[in-house]
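Chemist: Below is the file query01.cif, which contains mmCIF, C-alpha atoms.
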data_entry
loop_
_atom_site.group_PDB
_atom_site.id
_atom_site.type_symbol
_atom_site.label_atom_id
_atom_site.label_comp_id
_atom_site.auth_asym_id
_atom_site.auth_seq_id
_atom_site.Cartn_x
_atom_site.Cartn_y
_atom_site.Cartn_z
ATOM 1 C CA MET D 198 90.149 73.685 103.669
ATOM 2 C CA THR D 199 89.273 77.295 102.890
ATOM 3 C CA THR D 200 90.068 78.393 99.334
ATOM 4 C CA SER D 201 91.318 81.742 98.112
ATOM 5 C CA THR D 202 88.005 82.224 96.288
ATOM 6 C CA GLU D 203 86.129 81.835 99.566
ATOM 7 C CA VAL D 204 88.433 84.302 101.312
ATOM 8 C CA LEU D 205 87.923 86.843 98.536
ATOM 9 C CA ALA D 206 84.153 86.432 98.853
ATOM 10 C CA THR D 207 84.348 86.970 102.605
ATOM 11 C CA LEU D 208 86.443 90.107 102.163
ATOM 12 C CA ALA D 209 84.060 91.435 99.500
ATOM 13 C CA SER D 210 81.166 91.010 101.941
ATOM 14 C CA LEU D 211 83.016 93.132 104.502
ATOM 15 C CA GLU D 212 83.714 96.077 102.198
ATOM 16 C CA ASP D 213 82.613 99.512 103.394
ATOM 17 C CA GLU D 214 82.844 102.462 101.020
ATOM 18 C CA LYS D 215 83.414 104.895 103.905
ATOM 19 C CA ILE D 216 86.542 102.938 104.847
ATOM 20 C CA ARG D 217 87.652 102.946 101.207
ATOM 21 C CA ALA D 218 87.377 106.741 101.156
ATOM 22 C CA VAL D 219 89.460 107.101 104.325
ATOM 23 C CA ASN D 220 92.115 104.684 103.049
ATOM 24 C CA ALA D 221 92.283 106.482 99.719
ATOM 25 C CA ARG D 222 93.505 109.602 101.506
ATOM 26 C CA HIS D 223 96.510 107.580 102.672
ATOM 27 C CA GLY D 224 97.263 106.050 99.296
ATOM 28 C CA ASP D 225 95.558 102.699 99.937
ATOM 29 C CA ASP D 226 92.643 101.218 98.000
ATOM 30 C CA HIS D 227 90.988 98.569 100.185
ATOM 31 C CA ALA D 228 87.622 98.920 101.899
ATOM 32 C CA VAL D 229 87.751 96.396 104.755
ATOM 33 C CA ASN D 230 87.947 97.401 108.404
ATOM 34 C CA LEU D 231 91.321 96.145 109.642
ATOM 35 C CA THR D 232 89.908 94.647 112.832
ATOM 36 C CA LYS D 233 87.529 92.531 110.736
ATOM 37 C CA LEU D 234 90.324 91.705 108.286
ATOM 38 C CA ARG D 235 92.532 90.507 111.146
ATOM 39 C CA ALA D 236 89.666 88.333 112.387
ATOM 40 C CA VAL D 237 89.439 86.677 108.961
ATOM 41 C CA ALA D 238 93.179 85.942 109.089
ATOM 42 C CA LYS D 239 92.961 84.620 112.656
ATOM 43 C CA ASP D 240 90.321 82.115 111.627
ATOM 44 C CA LEU D 241 92.475 80.914 108.731
ATOM 45 C CA LYS D 242 95.564 80.382 110.938
ATOM 46 C CA LYS D 243 99.067 80.183 109.412
ATOM 47 C CA ASN D 244 98.884 78.806 105.879
ATOM 48 C CA ASP D 245 101.682 79.636 103.448
ATOM 49 C CA GLU D 246 100.102 77.891 100.473
ATOM 50 C CA LEU D 247 96.887 79.875 100.836
ATOM 51 C CA ALA D 248 98.919 83.027 101.480
ATOM 52 C CA GLY D 249 100.673 82.574 98.163
ATOM 53 C CA GLU D 250 97.348 82.162 96.365
ATOM 54 C CA LEU D 251 95.890 85.248 98.030
ATOM 55 C CA TRP D 252 98.987 87.288 97.206
ATOM 56 C CA ALA D 253 98.775 86.252 93.567
ATOM 57 C CA THR D 254 95.277 87.756 93.253
ATOM 58 C CA GLY D 255 96.756 91.246 93.509
ATOM 59 C CA ASP D 256 93.804 92.314 95.676
ATOM 60 C CA THR D 257 94.956 94.610 98.480
ATOM 61 C CA ALA D 258 92.742 93.207 101.229
ATOM 62 C CA ALA D 259 93.648 89.662 100.171
ATOM 63 C CA ARG D 260 97.339 90.546 100.305
ATOM 64 C CA LEU D 261 96.949 91.950 103.812
ATOM 65 C CA VAL D 262 95.332 88.681 104.904
ATOM 66 C CA ALA D 263 98.122 86.791 103.124
ATOM 67 C CA ILE D 264 100.750 88.645 105.136
ATOM 68 C CA LEU D 265 98.949 87.830 108.383
ATOM 69 C CA ILE D 266 98.876 84.084 107.640
ATOM 70 C CA MET D 267 102.452 83.814 106.333
ATOM 71 C CA ARG D 268 105.278 82.300 108.365
ATOM 72 C CA PRO D 269 108.357 84.517 107.874
ATOM 73 C CA LYS D 270 110.786 81.595 107.666
ATOM 74 C CA ALA D 271 108.827 79.932 104.872
ATOM 75 C CA TRP D 272 109.700 82.497 102.202
ATOM 76 C CA SER D 273 112.976 82.717 100.292
ATOM 77 C CA GLU D 274 115.043 85.847 99.805
ATOM 78 C CA ALA D 275 114.034 85.943 96.129
ATOM 79 C CA GLN D 276 110.333 85.558 96.956
ATOM 80 C CA LEU D 277 110.441 88.346 99.534
ATOM 81 C CA ASP D 278 112.311 90.608 97.123
ATOM 82 C CA GLU D 279 109.726 89.980 94.426
ATOM 83 C CA MET D 280 106.826 90.618 96.805
ATOM 84 C CA LEU D 281 108.367 93.817 98.124
ATOM 85 C CA ARG D 282 108.895 95.176 94.623
ATOM 86 C CA ASP D 283 105.260 94.361 93.842
ATOM 87 C CA SER D 284 104.041 96.140 97.008
ATOM 88 C CA ARG D 285 103.302 99.654 95.842
ATOM 89 C CA LEU D 286 100.553 100.540 98.316
ATOM 90 C CA PRO D 287 101.675 101.828 101.736
ATOM 91 C CA LYS D 288 99.747 99.376 103.940
ATOM 92 C CA VAL D 289 100.824 96.253 102.052
ATOM 93 C CA HIS D 290 104.409 97.504 101.878
ATOM 94 C CA GLY D 291 104.505 98.403 105.561
ATOM 95 C CA TRP D 292 102.957 95.161 106.785
ATOM 96 C CA LEU D 293 105.193 93.012 104.578
ATOM 97 C CA VAL D 294 108.324 94.666 105.954
ATOM 98 C CA SER D 295 107.171 94.777 109.587
ATOM 99 C CA TYR D 296 105.462 91.401 109.920
ATOM 100 C CA ILE D 297 107.456 89.215 107.536
ATOM 101 C CA VAL D 298 110.775 90.624 106.330
ATOM 102 C CA LYS D 299 111.955 91.873 109.744
ATOM 103 C CA LYS D 300 111.394 88.367 111.148
ATOM 104 C CA SER D 301 112.905 86.543 108.166
ATOM 105 C CA PRO D 302 116.350 84.924 108.229
ATOM 106 C CA HIS D 303 116.973 86.919 105.030
ATOM 107 C CA ALA D 304 116.342 90.318 106.637
ATOM 108 C CA GLU D 305 119.968 91.450 106.700
ATOM 109 C CA ALA D 306 120.721 90.358 103.136
ATOM 110 C CA LEU D 307 117.605 92.141 101.917
ATOM 111 C CA ARG D 308 118.428 95.236 103.972
ATOM 112 C CA GLN D 309 121.786 95.517 102.275
ATOM 113 C CA SER D 310 120.442 94.890 98.782
ATOM 114 C CA TRP D 311 117.545 97.337 99.161
ATOM 115 C CA MET D 312 119.361 100.258 100.814
ATOM 116 C CA ASP D 313 120.836 101.616 97.581
ATOM 117 C CA ASP D 314 118.095 100.474 95.223
ATOM 118 C CA PRO D 315 117.225 103.117 92.602
ATOM 119 C CA ASP D 316 113.516 102.599 93.332
ATOM 120 C CA PRO D 317 112.806 104.852 96.337
ATOM 121 C CA VAL D 318 109.957 102.628 97.565
ATOM 122 C CA VAL D 319 112.303 99.626 97.650
ATOM 123 C CA ALA D 320 115.038 101.737 99.233
ATOM 124 C CA SER D 321 112.611 102.852 101.926
ATOM 125 C CA ALA D 322 112.251 99.204 102.960
ATOM 126 C CA GLY D 323 116.024 98.960 103.291
ATOM 127 C CA TRP D 324 116.037 102.029 105.524
ATOM 128 C CA ALA D 325 113.148 100.644 107.593
ATOM 129 C CA LEU D 326 115.207 97.509 108.222
ATOM 130 C CA THR D 327 118.180 99.723 109.081
ATOM 131 C CA SER D 328 116.081 101.564 111.668
ATOM 132 C CA GLU D 329 115.263 98.194 113.198
ATOM 133 C CA ARG D 330 118.958 97.325 113.430
ATOM 134 C CA VAL D 331 119.921 100.711 114.879
ATOM 135 C CA ASN D 332 117.268 100.203 117.535
ATOM 136 C CA LYS D 333 117.874 96.542 118.361
ATOM 137 C CA LYS D 334 121.162 95.243 116.929
ATOM 138 C CA PRO D 335 123.480 98.083 115.875
ATOM 139 C CA GLU D 336 126.731 96.111 116.026
ATOM 140 C CA GLY D 337 128.578 96.386 112.732
ATOM 141 C CA LEU D 338 126.625 99.351 111.380
ATOM 142 C CA ASP D 339 128.512 102.473 110.293
ATOM 143 C CA LEU D 340 126.312 104.940 112.148
ATOM 144 C CA SER D 341 128.399 107.977 111.218
ATOM 145 C CA GLY D 342 128.251 106.897 107.592
ATOM 146 C CA LEU D 343 124.477 106.576 107.818
ATOM 147 C CA LEU D 344 124.303 110.112 109.200
ATOM 148 C CA ASP D 345 126.455 111.311 106.274
ATOM 149 C CA THR D 346 123.989 109.772 103.804
ATOM 150 C CA ILE D 347 120.954 111.129 105.646
ATOM 151 C CA GLU D 348 122.502 114.597 105.802
ATOM 152 C CA ALA D 349 123.193 114.567 102.063
ATOM 153 C CA GLU D 350 120.023 112.911 100.754
ATOM 154 C CA MET D 351 117.060 113.070 103.147
ATOM 155 C CA ALA D 352 115.840 116.580 102.354
ATOM 156 C CA GLU D 353 115.295 115.776 98.671
ATOM 157 C CA ALA D 354 114.198 112.149 99.044
ATOM 158 C CA PRO D 355 110.676 111.067 97.983
ATOM 159 C CA GLU D 356 108.195 110.950 100.858
ATOM 160 C CA ARG D 357 108.330 107.293 101.860
ATOM 161 C CA LEU D 358 112.107 107.109 101.592
ATOM 162 C CA GLN D 359 112.401 110.384 103.482
ATOM 163 C CA TRP D 360 110.184 109.050 106.269
ATOM 164 C CA ALA D 361 112.322 105.902 106.637
ATOM 165 C CA MET D 362 115.563 107.917 106.659
ATOM 166 C CA ASN D 363 114.092 110.227 109.281
ATOM 167 C CA GLU D 364 113.250 107.217 111.441
ATOM 168 C CA THR D 365 116.838 105.987 111.190
ATOM 169 C CA LEU D 366 118.121 109.463 112.061
ATOM 170 C CA SER D 367 115.886 109.549 115.113
ATOM 171 C CA TYR D 368 116.890 106.108 116.373
ATOM 172 C CA ILE D 369 120.579 106.941 115.957
ATOM 173 C CA GLY D 370 120.048 110.021 118.115
ATOM 174 C CA ILE D 371 117.953 108.189 120.700
ATOM 175 C CA GLU D 372 120.239 105.181 121.114
ATOM 176 C CA ASN D 373 123.684 106.800 120.784
ATOM 177 C CA PRO D 374 124.577 109.632 123.184
ATOM 178 C CA ASP D 375 127.849 110.303 121.353
ATOM 179 C CA LEU D 376 125.976 110.948 118.076
ATOM 180 C CA ARG D 377 122.905 112.610 119.570
ATOM 181 C CA LYS D 378 123.991 116.217 119.112
ATOM 182 C CA ARG D 379 124.887 115.620 115.467
ATOM 183 C CA ALA D 380 121.601 113.810 114.801
ATOM 184 C CA ILE D 381 119.608 116.674 116.331
ATOM 185 C CA ASP D 382 121.651 119.236 114.394
ATOM 186 C CA ILE D 383 120.981 117.410 111.112
ATOM 187 C CA GLY D 384 117.279 117.297 111.884
ATOM 188 C CA GLU D 385 117.172 120.994 112.741
ATOM 189 C CA ARG D 386 119.048 122.071 109.617
ATOM 190 C CA LEU D 387 117.062 119.904 107.197
ATOM 191 C CA GLY D 388 113.718 120.621 108.876
ATOM 192 C CA VAL D 389 112.154 117.418 107.529
ATOM 193 C CA LEU D 390 108.695 116.812 109.096
ATOM 194 C CA ARG D 391 109.065 119.907 111.276
ATOM 195 C CA ASP D 392 105.470 120.925 110.532
ATOM 196 C CA TYR D 393 103.958 117.438 110.367
ATOM 197 C CA PRO D 394 100.488 117.495 111.983
ATOM 198 C CA THR D 395 100.594 115.548 115.238
ATOM 199 C CA SER D 396 97.579 114.467 117.280
ATOM 200 C CA PRO D 397 97.376 115.532 120.943
ATOM 201 C CA GLY D 398 99.325 113.133 123.143
ATOM 202 C CA CYS D 399 101.451 111.857 120.252
ATOM 203 C CA THR D 400 105.133 112.617 119.683
ATOM 204 C CA SER D 401 106.060 114.627 116.597
ATOM 205 C CA PRO D 402 108.079 112.676 113.986
ATOM 206 C CA PHE D 403 110.357 115.740 113.607
ATOM 207 C CA ALA D 404 113.682 114.149 114.579
ATOM 208 C CA PRO D 405 114.906 116.699 117.157
ATOM 209 C CA THR D 406 111.564 116.580 118.964
ATOM 210 C CA TRP D 407 111.309 112.799 118.728
ATOM 211 C CA ILE D 408 114.875 112.260 119.973
ATOM 212 C CA THR D 409 114.512 114.685 122.881
ATOM 213 C CA GLU D 410 111.166 113.230 123.955
ATOM 214 C CA MET D 411 112.294 109.583 123.838
ATOM 215 C CA VAL D 412 115.574 110.294 125.654
ATOM 216 C CA SER D 413 113.595 112.064 128.354
ATOM 217 C CA ARG D 414 111.159 109.142 128.662
ATOM 218 C CA ASN D 415 113.971 106.600 128.835
ATOM 219 C CA ALA D 416 115.734 108.606 131.540
ATOM 220 C CA ALA D 417 112.535 108.697 133.605
ATOM 221 C CA LYS D 418 112.134 104.902 133.590
#
Could you rewrite the structure in this file as structure tokens?
Modeler:
Amino acid sequence: MTTSTEVLATLASLEDEKIRAVNARHGDDHAVNLTKLRAVAKDLKKNDELAGELWATGDTAARLVAILIMRPKAWSEAQLDEMLRDSRLPKVHGWLVSYIVKKSPHAEALRQSWMDDPDPVVASAGWALTSERVNKKPEGLDLSGLLDTIEAEMAEAPERLQWAMNETLSYIGIENPDLRKRAIDIGERLGVLRDYPTSPGCTSPFAPTWITEMVSRNAAK
């Protein structure tokens, strides 16, 4: 059986300082090409015990591998909460929420507990889970209430929380014709991400543009 020490040695052998420099510009600190990192995880297969050992090292690349070999149902609500609060770097935070928490039976309980957390990084995870619900399972959500909160708080929110709120705003507008005009109006007035640099062929994250583009695409299907 592969040990955490062996995995760390493998990851160290794959480090590339050019990749570290690129990642540093996005707030991350690892130096392993993600395609190669995913290949390491694929070879290990699902292994929650090893994942826990890799997570405990605190090494970013090791934690990314840990996330890839975790089974979402194997981790308790308390464990996921602890890991999320310990995930300060964007890539680890994003992967943990997307690959594990969203697929966990504890996702809704964590969404509710994180939404109003005073730590904006934790709160951003709650909003990311809310975006998922707006998009896939909106029953029971107070969408107008969410728009009230976004309208009042998004403009002054820290970057990662602001991004997650903006995503929720956009999905509300895309998925709900009755709230679309209000969602677009909020986006226009707040102007959040209006000038965000967008690569050719990609849709701007500015909510009015994103909503309009996705509604148009959906109508053309």
Chemist: Using 10 Å as the limit and counting only C-alpha atoms, can you tabulate each residue of segment 218-336 of chain D that touches segment 372-382 of chain D, with its shortest atom-to-atom distance in Å and the two atoms involved, as a tab-separated table?
Modeler:
residue	atom	partner	partner_atom	distance
D:Val331	CA	D:Glu372	CA	7.7
D:Asn332	CA	D:Glu372	CA	6.8
D:Lys333	CA	D:Glu372	CA	9.4
D:Pro335	CA	D:Glu372	CA	9.4
Chemist: Near segment 344-348 of chain D, counting all atoms listed in the file, which residues have an atom at most 12 Å away, once you skip same-chain residues fewer than 2 positions from it, shown as a ChimeraX atom specification?
Modeler: /D:312-313,324,331,338-342,350-354,358-370,376-389,404
Chemist: Once the PyMOL selection byres ((chain D and resi 293) around 12) is applied to the coordinates I shared, what remains selected? I want it as a PyMOL selection string.
Modeler: chain D and resi 252+260-269+272+276-292+294-301+304+319+322+325-326
Chemist: To one decimal place, how far is atom CA of Pro405 of chain D from atom CA of His223 of chain D in Å?
Modeler: 25.1 Å
Chemist: Quick one: pull the distance between atom CA of Ser273 of chain D and atom CA of Gly249 of chain D, Å, one decimal.
Modeler: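 For atom CA of Ser273 of chain D relative to atom CA of Gly249 of chain D, the distance reads 12.5 Å.
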Chemist: Quick one, how far is atom CA of Phe403 of chain D from atom CA of Leu390 of chain D?
Modeler: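 Those two atoms sit 4.9 Å apart.
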Chemist: For Gly398 of chain D, which of D:Glu410, D:Asp226, D:Glu329, D:Asp245 is the closest residue, counting all atoms listed in the file?
Modeler: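 Smallest distance to Gly398 of chain D is found for D:Glu410.
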Chemist: Convert the output of the PyMOL selection byres ((chain D and resi 212-214) around 8) on the shown file into explicit residues, formatted as a PyMOL selection string.
Modeler: chain D and resi 208-211+215-218+227-230
Chemist: Between D:Gly323, D:Ala258, D:Val204, D:Met411, single out the one closest to Ala306 of chain D, counting only C-alpha atoms.
Modeler: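 Using only C-alpha atoms, the shortest distance to Ala306 of chain D belongs to D:Gly323.
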Chemist: For each of D:Arg414, D:Arg391, D:Lys233, D:Thr327, take the minimum atom-to-atom distance to Ser310 of chain D, counting all atoms listed in the file, then give the residue where this is smallest.
Modeler: D:Thr327
Chemist: Could you give me the centre and size, in Å to one decimal, of an axis-aligned box around all listed atoms of segment 222-230 of chain D with 8 Å added on every side, as AutoDock Vina command-line options?
Modeler:
--center_x 92.4 --center_y 103.0 --center_z 103.2 --size_x 25.6 --size_y 29.2 --size_z 26.4
Chemist: Between D:Leu205, D:Thr400, D:Arg357, D:Glu336, which is the closest to Gly255 of chain D once you count only C-alpha atoms?
Modeler: D:Leu205
Chemist: Smallest atom-to-atom distance to Pro315 of chain D: which of D:Val412, D:Leu251, D:Ser396, D:Pro355, using all atoms listed in the file?
Modeler: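 Of the candidates, the smallest distance to Pro315 of chain D is held by D:Pro355.
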